[in-house]
file start.csv (CSV, C-alpha atoms)
chain,number,residue,atom,x,y,z
Y,971,MET,CA,45.6,-14.1,131.9
Y,972,PHE,CA,47.0,-16.5,134.5
Y,973,ASP,CA,45.7,-17.9,137.8
Y,974,GLY,CA,49.1,-17.6,139.5
Y,975,ALA,CA,52.6,-17.6,138.1
Y,976,PRO,CA,52.5,-17.7,134.3
Y,977,GLY,CA,52.7,-21.2,132.9
Y,978,GLU,CA,50.7,-23.8,131.0
Y,979,THR,CA,49.0,-25.0,134.2
Y,980,THR,CA,47.7,-21.5,135.1
Y,981,ALA,CA,46.7,-20.2,131.7
Y,982,HIS,CA,43.1,-19.1,131.3
Y,983,PHE,CA,43.5,-18.9,127.5
Y,984,THR,CA,44.7,-22.0,125.6
Y,985,PHE,CA,44.8,-23.2,122.1
Y,986,ALA,CA,44.7,-26.5,120.3
Y,987,ALA,CA,45.0,-27.5,116.6
Y,988,GLU,CA,43.2,-30.2,114.7
Y,989,PRO,CA,45.7,-32.9,114.0
Y,990,PHE,CA,47.2,-32.9,110.5
Y,991,LYS,CA,49.7,-34.8,108.4
Y,992,ALA,CA,52.7,-32.8,107.2
Y,993,SER,CA,55.0,-33.5,104.3
Y,994,GLY,CA,58.5,-32.2,103.8
Y,995,LEU,CA,61.6,-31.7,101.8
Y,996,THR,CA,65.2,-30.9,102.4
Y,997,ASN,CA,67.7,-28.5,100.9
Y,998,GLY,CA,71.1,-29.0,102.3
Y,999,THR,CA,70.9,-28.3,106.1
Y,1000,LEU,CA,67.5,-26.7,105.7
Y,1001,SER,CA,64.5,-29.0,106.3
Y,1002,LEU,CA,61.1,-27.7,105.1
Y,1003,GLY,CA,57.9,-28.9,106.6
Y,1004,LEU,CA,54.7,-28.5,104.7
Y,1005,ASP,CA,51.6,-28.3,106.8
Y,1006,PRO,CA,48.2,-28.4,105.1
Y,1007,VAL,CA,45.3,-26.0,105.7
Y,1008,GLY,CA,43.6,-26.7,108.9
Y,1009,GLU,CA,42.0,-25.2,112.0
Y,1010,PHE,CA,42.9,-24.4,115.5
Y,1011,SER,CA,40.7,-23.0,118.3
Y,1012,LEU,CA,41.2,-20.8,121.4
Y,1013,TYR,CA,39.7,-21.8,124.7
Y,1014,LEU,CA,38.8,-20.0,127.9
Y,1015,GLN,CA,39.5,-22.1,130.9
Y,1016,ARG,CA,38.0,-20.5,133.9
Y,1017,ARG,CA,39.7,-23.1,136.0
Y,1018,PRO,CA,43.0,-23.6,134.3
Y,1019,ALA,CA,43.7,-27.3,133.7
Y,1020,GLY,CA,46.3,-27.4,130.9
Y,1021,THR,CA,49.3,-29.7,131.2
Y,1022,PHE,CA,51.9,-30.5,128.6
Y,1023,ASP,CA,51.6,-34.1,129.6
Y,1024,ASP,CA,48.2,-34.2,128.0
Y,1025,PRO,CA,47.8,-32.1,124.9
Y,1026,ALA,CA,44.1,-32.7,124.9
Y,1027,SER,CA,43.9,-30.7,128.1
Y,1028,PHE,CA,44.4,-27.5,126.1
Y,1029,ALA,CA,41.2,-28.1,124.2
Y,1030,LYS,CA,39.0,-28.0,127.3
Y,1031,GLY,CA,36.9,-25.1,128.5
Y,1032,GLU,CA,34.8,-22.7,126.5
Y,1033,CYS,CA,35.7,-22.5,122.8
Y,1034,ILE,CA,35.9,-18.8,122.1
Y,1035,ALA,CA,37.3,-18.7,118.6
Y,1036,THR,CA,38.3,-20.9,115.7
Y,1037,PHE,CA,40.8,-20.0,113.1
Y,1038,ARG,CA,41.5,-21.6,109.7
Y,1039,ARG,CA,45.0,-21.3,108.2
Y,1040,THR,CA,44.7,-19.6,104.9
Y,1041,SER,CA,47.2,-21.7,103.0
Y,1042,LEU,CA,49.9,-24.3,103.2
Y,1043,VAL,CA,52.3,-23.4,106.0
Y,1044,VAL,CA,56.0,-23.9,105.2
Y,1045,GLY,CA,58.2,-24.2,108.2
Y,1046,THR,CA,61.9,-24.1,108.0
Y,1047,THR,CA,64.3,-26.0,110.2
Y,1048,VAL,CA,67.9,-25.0,110.3
Y,1049,GLY,CA,70.4,-27.8,111.0
Y,1050,ILE,CA,74.1,-28.5,111.0
Y,1051,THR,CA,76.1,-31.4,109.8
Y,1052,ALA,CA,77.8,-33.0,112.7
Y,1053,SER,CA,80.6,-35.5,112.5
Y,1054,ILE,CA,80.7,-38.5,114.8
Y,1055,THR,CA,84.1,-39.9,115.1
Y,1056,VAL,CA,83.7,-42.8,117.4
Y,1057,GLY,CA,81.4,-45.8,117.9
Y,1058,ALA,CA,79.0,-47.5,115.6
Y,1059,ALA,CA,77.4,-44.3,114.5
Y,1060,ALA,CA,80.7,-42.8,113.2
Y,1061,GLY,CA,80.1,-40.6,110.1
Y,1062,THR,CA,78.2,-37.5,109.5
Y,1063,THR,CA,74.6,-36.8,110.5
Y,1064,ALA,CA,72.2,-33.8,110.2
Y,1065,VAL,CA,71.3,-32.2,113.5
Y,1066,PRO,CA,68.3,-29.9,113.5
Y,1067,LEU,CA,68.7,-26.9,115.6
Y,1068,VAL,CA,65.8,-24.4,115.3
Y,1069,GLY,CA,62.7,-24.0,113.3
Y,1070,THR,CA,60.6,-21.0,112.2
Y,1071,ASN,CA,57.3,-20.6,110.4
Y,1072,VAL,CA,54.8,-17.9,109.6
Y,1073,PHE,CA,51.2,-18.3,108.7
Y,1074,SER,CA,48.0,-16.4,108.4
Y,1075,ALA,CA,44.7,-17.7,109.8
Y,1076,ARG,CA,41.2,-16.4,109.3
Y,1077,LEU,CA,38.8,-16.2,112.1
Y,1078,VAL,CA,36.0,-18.5,111.1
Y,1079,ALA,CA,34.0,-18.6,114.4
Y,1080,SER,CA,33.9,-16.4,117.4
Y,1081,THR,CA,31.8,-16.7,120.6
Y,1082,PRO,CA,31.4,-13.7,123.0
Y,1083,PHE,CA,32.6,-14.3,126.5
Y,1084,GLU,CA,33.0,-12.4,129.7
Y,1085,PHE,CA,36.4,-12.2,131.4
Y,1086,GLY,CA,37.8,-9.9,134.0
Y,1087,GLY,CA,34.6,-8.0,134.3
Y,1088,ARG,CA,34.4,-7.2,130.6
Y,1089,ARG,CA,32.6,-8.7,127.6
Y,1090,HIS,CA,34.8,-9.7,124.7
Y,1091,ASP,CA,34.4,-11.0,121.2
Y,1092,LEU,CA,37.5,-11.7,119.3
Y,1093,VAL,CA,36.0,-10.8,116.0
Y,1094,ASP,CA,35.7,-7.2,117.4
Y,1095,HIS,CA,39.3,-7.3,118.6
Y,1096,LEU,CA,41.1,-9.0,115.7
Y,1097,GLY,CA,39.0,-8.4,112.7
Y,1098,HIS,CA,39.6,-11.0,110.0
Y,1099,GLY,CA,42.2,-13.0,111.9
Y,1100,ILE,CA,45.9,-13.1,112.6
Y,1101,THR,CA,49.4,-13.7,111.1
Y,1102,GLN,CA,51.7,-15.6,113.4
Y,1103,PHE,CA,55.5,-15.9,113.4
Y,1104,GLY,CA,56.8,-19.0,115.2
Y,1105,THR,CA,60.1,-20.3,116.5
Y,1106,ALA,CA,60.6,-23.8,117.6
Y,1107,SER,CA,63.5,-25.6,119.3
Y,1108,GLU,CA,64.4,-28.8,117.6
Y,1109,THR,CA,65.6,-30.3,120.9
Y,1110,PRO,CA,62.8,-32.7,121.9
Y,1111,VAL,CA,61.1,-32.6,125.2
Y,1112,VAL,CA,61.6,-36.0,126.7
Y,1113,PRO,CA,60.0,-38.3,127.5
Y,1114,PRO,CA,57.0,-37.7,125.2
Y,1115,PRO,CA,53.6,-38.5,126.7
Y,1116,LYS,CA,52.1,-41.9,125.9
Y,1117,GLY,CA,50.8,-42.0,122.4
Y,1118,TYR,CA,53.4,-39.6,121.1
Y,1119,THR,CA,56.8,-40.0,119.6
Y,1120,LEU,CA,58.1,-36.5,119.4
Y,1121,VAL,CA,57.5,-33.2,121.3
Y,1122,LEU,CA,59.1,-29.9,120.4
Y,1123,PRO,CA,58.5,-26.6,122.2
Y,1124,PHE,CA,57.7,-23.4,120.3
Y,1125,THR,CA,56.7,-19.8,120.7
Y,1126,GLY,CA,54.4,-17.8,118.5
Y,1127,SER,CA,53.9,-14.1,118.1
Y,1128,ALA,CA,50.8,-13.0,116.3
Y,1129,ILE,CA,49.6,-9.7,114.8
Y,1130,ALA,CA,46.0,-8.8,113.9
Y,1131,LEU,CA,44.7,-8.8,110.3
Y,1132,GLY,CA,42.3,-6.1,111.4
Y,1133,LYS,CA,39.1,-5.0,109.7
Y,1134,SER,CA,38.9,-3.9,106.2
L,120,MET,CA,20.8,43.2,126.6
L,121,GLY,CA,21.2,39.6,127.3
L,122,ARG,CA,24.3,37.7,126.6
L,123,SER,CA,25.4,37.6,123.0
L,124,THR,CA,25.2,34.5,121.0
L,125,TRP,CA,28.5,33.0,119.9
L,126,LEU,CA,28.4,33.5,116.2
L,127,MET,CA,31.9,32.4,115.3
L,128,THR,CA,32.9,28.9,114.8
L,129,PRO,CA,35.6,28.2,117.4
L,130,SER,CA,38.9,27.7,115.9
L,131,PRO,CA,40.4,24.3,116.4
L,132,SER,CA,43.5,26.1,117.6
L,133,TYR,CA,41.6,28.0,120.1
L,134,ASP,CA,42.1,26.8,123.6
L,135,GLU,CA,42.9,23.3,122.5
L,136,GLY,CA,45.7,23.4,120.1
L,137,THR,CA,45.9,21.1,117.1
L,138,SER,CA,47.8,18.2,118.7
L,139,PRO,CA,45.7,15.1,118.8
L,140,CYS,CA,47.5,14.3,122.0
L,141,ARG,CA,45.9,17.1,123.9
L,142,THR,CA,42.6,16.9,125.6
L,143,PRO,CA,39.5,18.7,124.1
L,144,ALA,CA,38.9,22.2,125.1
L,145,ARG,CA,36.6,23.0,127.9
L,146,GLY,CA,33.0,22.3,127.1
L,147,ARG,CA,33.8,20.3,124.0
L,148,ARG,CA,33.7,16.5,123.7
L,149,LEU,CA,35.3,14.1,121.5
L,150,THR,CA,32.9,13.0,118.9
L,151,ARG,CA,34.2,9.4,118.8
L,152,SER,CA,36.5,7.5,121.1
L,153,VAL,CA,38.5,4.7,119.5
L,154,ALA,CA,39.9,3.3,122.7
L,155,ASN,CA,38.7,2.1,126.0
L,156,LYS,CA,35.1,2.2,125.1
L,157,GLY,CA,34.1,1.2,128.6
L,158,SER,CA,33.2,-2.4,128.7
L,159,THR,CA,35.0,-3.6,125.6
L,160,MET,CA,38.6,-3.5,124.4
L,161,ALA,CA,39.5,-1.6,121.3
L,162,THR,CA,39.8,-3.2,117.9
L,163,LEU,CA,43.4,-3.9,117.1
L,164,LEU,CA,44.9,-2.1,114.2
L,165,PRO,CA,46.1,-4.1,111.2
L,166,ALA,CA,49.5,-5.6,112.1
L,167,GLU,CA,49.1,-4.6,115.7
L,168,LEU,CA,50.5,-7.2,118.1
L,169,THR,CA,47.7,-9.7,119.1
L,170,TRP,CA,49.3,-12.3,121.3
L,171,TYR,CA,52.3,-14.2,122.4
L,172,ALA,CA,51.9,-17.9,122.8
L,173,THR,CA,54.0,-20.8,123.7
L,174,GLY,CA,53.2,-24.5,123.3
L,175,ARG,CA,54.5,-27.7,121.9
L,176,PHE,CA,54.3,-29.6,118.7
L,177,TYR,CA,53.2,-33.2,119.3
L,178,GLU,CA,53.9,-36.0,116.8
L,179,ALA,CA,51.6,-38.9,117.5
L,180,ASP,CA,52.2,-42.5,116.9
L,181,ASP,CA,50.2,-42.3,113.7
L,182,LYS,CA,52.5,-39.5,112.5
L,183,THR,CA,49.9,-36.8,112.7
L,184,LEU,CA,51.0,-33.5,114.1
L,185,ALA,CA,49.2,-31.1,116.4
L,186,ASP,CA,50.0,-28.2,118.7

call {"tool": "encode", "arguments": {"input": "start.csv", "output": "structure tokens"}}
result
Amino acid sequence: MFDGAPGETTAHFTFAAEPFKASGLTNGTLSLGLDPVGEFSLYLQRRPAGTFDDPASFAKGECIATFRRTSLVVGTTVGITASITVGAAAGTTAVPLVGTNVFSARLVASTPFEFGGRRHDLVDHLGHGITQFGTASETPVVPPPKGYTLVLPFTGSAIALGKS
Amino acid sequence: MGRSTWLMTPSPSYDEGTSPCRTPARGRRLTRSVANKGSTMATLLPAELTWYATGRFYEADDKTLAD
């Protein structure tokens, strides 16, 4: 899976989503993000070239699968209300801490590929697609790359929808 | 006389037990293998773990998001 120690620069399999515009609402210290239906793809990079400094680098290589989120995705960010007692910013402010989301995505395209001496096709492995559970830190990665204003790290764990 | 023909249907419990974890009896073969089919991986079962991923959400100057 990696060409060396695990990391984004050594990963043979990467993903990238089509950009989208989210909306949101708040409920106390909960902040809800509403992401529209959209697509993301998986890529096989035979020579890993991903870097977090260039998000487009994760969309290079062989596109082996494309998924489409089945519905609006609601992500929840949990925050706290912090009090600032000194300086010009004195008062209370909301501080986001951690975000979670869950979404299903249907496999809409799959291209067979060979890797590790075997032939694979994700439609055979996954069936109709996946459901993924995500966790994000709300502490930004700084500085953001040029062209971006905010970067947040996350993890996602997916389970297969399987075949019916 | 020659050797007799086996007229009885071998019992599943004969020589192999009924546990699916045990290997087939001598001379018998599994009719279907659902795992490790040689050159391809098995199909994941519904709700079986598919992957772990890590990445970053990027908010661009035009306020679009992507990961």

call {"tool": "interface_residues", "arguments": {"input": "start.csv", "of": "chain L", "to": "chain Y", "cutoff": "7 Å", "atoms": "all atoms listed in the file", "output": "PyMOL selection string"}}
result
chain L and resi 158-180+182-186

call {"tool": "residues_near_point", "arguments": {"input": "start.csv", "point": "(40.0, -19.0, 112.0)", "cutoff": "9 Å", "atoms": "only C-alpha atoms", "output": "ChimeraX atom specification"}}
result
/Y:1009-1011,1035-1040,1075-1080,1098-1100

call {"tool": "atom_distance", "arguments": {"input": "start.csv", "atom1": "atom CA of Y:Val1065", "atom2": "atom CA of Y:Val1007"}}
result
27.8 Å

call {"tool": "atom_distance", "arguments": {"input": "start.csv", "atom1": "atom CA of Y:Thr1046", "atom2": "atom CA of Y:Thr979"}}
result
29.2 Å

call {"tool": "atom_distance", "arguments": {"input": "start.csv", "atom1": "atom CA of Y:Phe1083", "atom2": "atom CA of Y:Ser1027"}}
result
20.0 Å

call {"tool": "closest_residue", "arguments": {"input": "start.csv", "among": "Y:Ile1034, Y:Pro1006, Y:Leu1014, Y:Thr996", "to": "Y:Thr1081", "atoms": "all atoms listed in the file"}}
result
Y:Ile1034

call {"tool": "build_atoms", "arguments": {"input": "start.csv", "residues": "stretch 1106-1118 of chain Y", "atoms": "N, CA and C atoms", "output": "PDB file, in the frame of the given file"}}
result
ATOM      1  N   ALA Y1106      60.657 -22.563 116.893  1.00  0.00           N
ATOM      2  CA  ALA Y1106      60.600 -23.800 117.600  1.00  0.00           C
ATOM      3  C   ALA Y1106      62.051 -24.313 117.878  1.00  0.00           C
ATOM      4  N   SER Y1107      62.228 -24.890 119.044  1.00  0.00           N
ATOM      5  CA  SER Y1107      63.500 -25.600 119.300  1.00  0.00           C
ATOM      6  C   SER Y1107      63.352 -27.002 118.749  1.00  0.00           C
ATOM      7  N   GLU Y1108      64.406 -27.470 118.144  1.00  0.00           N
ATOM      8  CA  GLU Y1108      64.400 -28.800 117.600  1.00  0.00           C
ATOM      9  C   GLU Y1108      64.964 -29.839 118.578  1.00  0.00           C
ATOM     10  N   THR Y1109      65.192 -29.394 119.801  1.00  0.00           N
ATOM     11  CA  THR Y1109      65.600 -30.300 120.900  1.00  0.00           C
ATOM     12  C   THR Y1109      64.345 -30.870 121.508  1.00  0.00           C
ATOM     13  N   PRO Y1110      64.077 -32.143 121.357  1.00  0.00           N
ATOM     14  CA  PRO Y1110      62.800 -32.700 121.900  1.00  0.00           C
ATOM     15  C   PRO Y1110      62.692 -32.605 123.384  1.00  0.00           C
ATOM     16  N   VAL Y1111      61.427 -32.486 123.797  1.00  0.00           N
ATOM     17  CA  VAL Y1111      61.100 -32.600 125.200  1.00  0.00           C
ATOM     18  C   VAL Y1111      60.947 -34.112 125.487  1.00  0.00           C
ATOM     19  N   VAL Y1112      61.682 -34.610 126.445  1.00  0.00           N
ATOM     20  CA  VAL Y1112      61.600 -36.000 126.700  1.00  0.00           C
ATOM     21  C   VAL Y1112      61.263 -36.267 128.201  1.00  0.00           C
ATOM     22  N   PRO Y1113      60.582 -37.348 128.479  1.00  0.00           N
ATOM     23  CA  PRO Y1113      60.000 -38.300 127.500  1.00  0.00           C
ATOM     24  C   PRO Y1113      58.697 -37.742 126.966  1.00  0.00           C
ATOM     25  N   PRO Y1114      58.321 -38.161 125.756  1.00  0.00           N
ATOM     26  CA  PRO Y1114      57.000 -37.700 125.200  1.00  0.00           C
ATOM     27  C   PRO Y1114      55.898 -38.431 125.985  1.00  0.00           C
ATOM     28  N   PRO Y1115      54.719 -37.808 126.027  1.00  0.00           N
ATOM     29  CA  PRO Y1115      53.600 -38.500 126.700  1.00  0.00           C
ATOM     30  C   PRO Y1115      53.224 -39.762 125.906  1.00  0.00           C
ATOM     31  N   LYS Y1116      52.514 -40.645 126.553  1.00  0.00           N
ATOM     32  CA  LYS Y1116      52.100 -41.900 125.900  1.00  0.00           C
ATOM     33  C   LYS Y1116      51.239 -41.572 124.688  1.00  0.00           C
ATOM     34  N   GLY Y1117      51.534 -42.258 123.608  1.00  0.00           N
ATOM     35  CA  GLY Y1117      50.800 -42.000 122.400  1.00  0.00           C
ATOM     36  C   GLY Y1117      51.485 -41.086 121.418  1.00  0.00           C
ATOM     37  N   TYR Y1118      52.620 -40.528 121.869  1.00  0.00           N
ATOM     38  CA  TYR Y1118      53.400 -39.600 121.100  1.00  0.00           C
ATOM     39  C   TYR Y1118      54.815 -40.009 120.935  1.00  0.00           C
TER      40      TYR Y1118
END
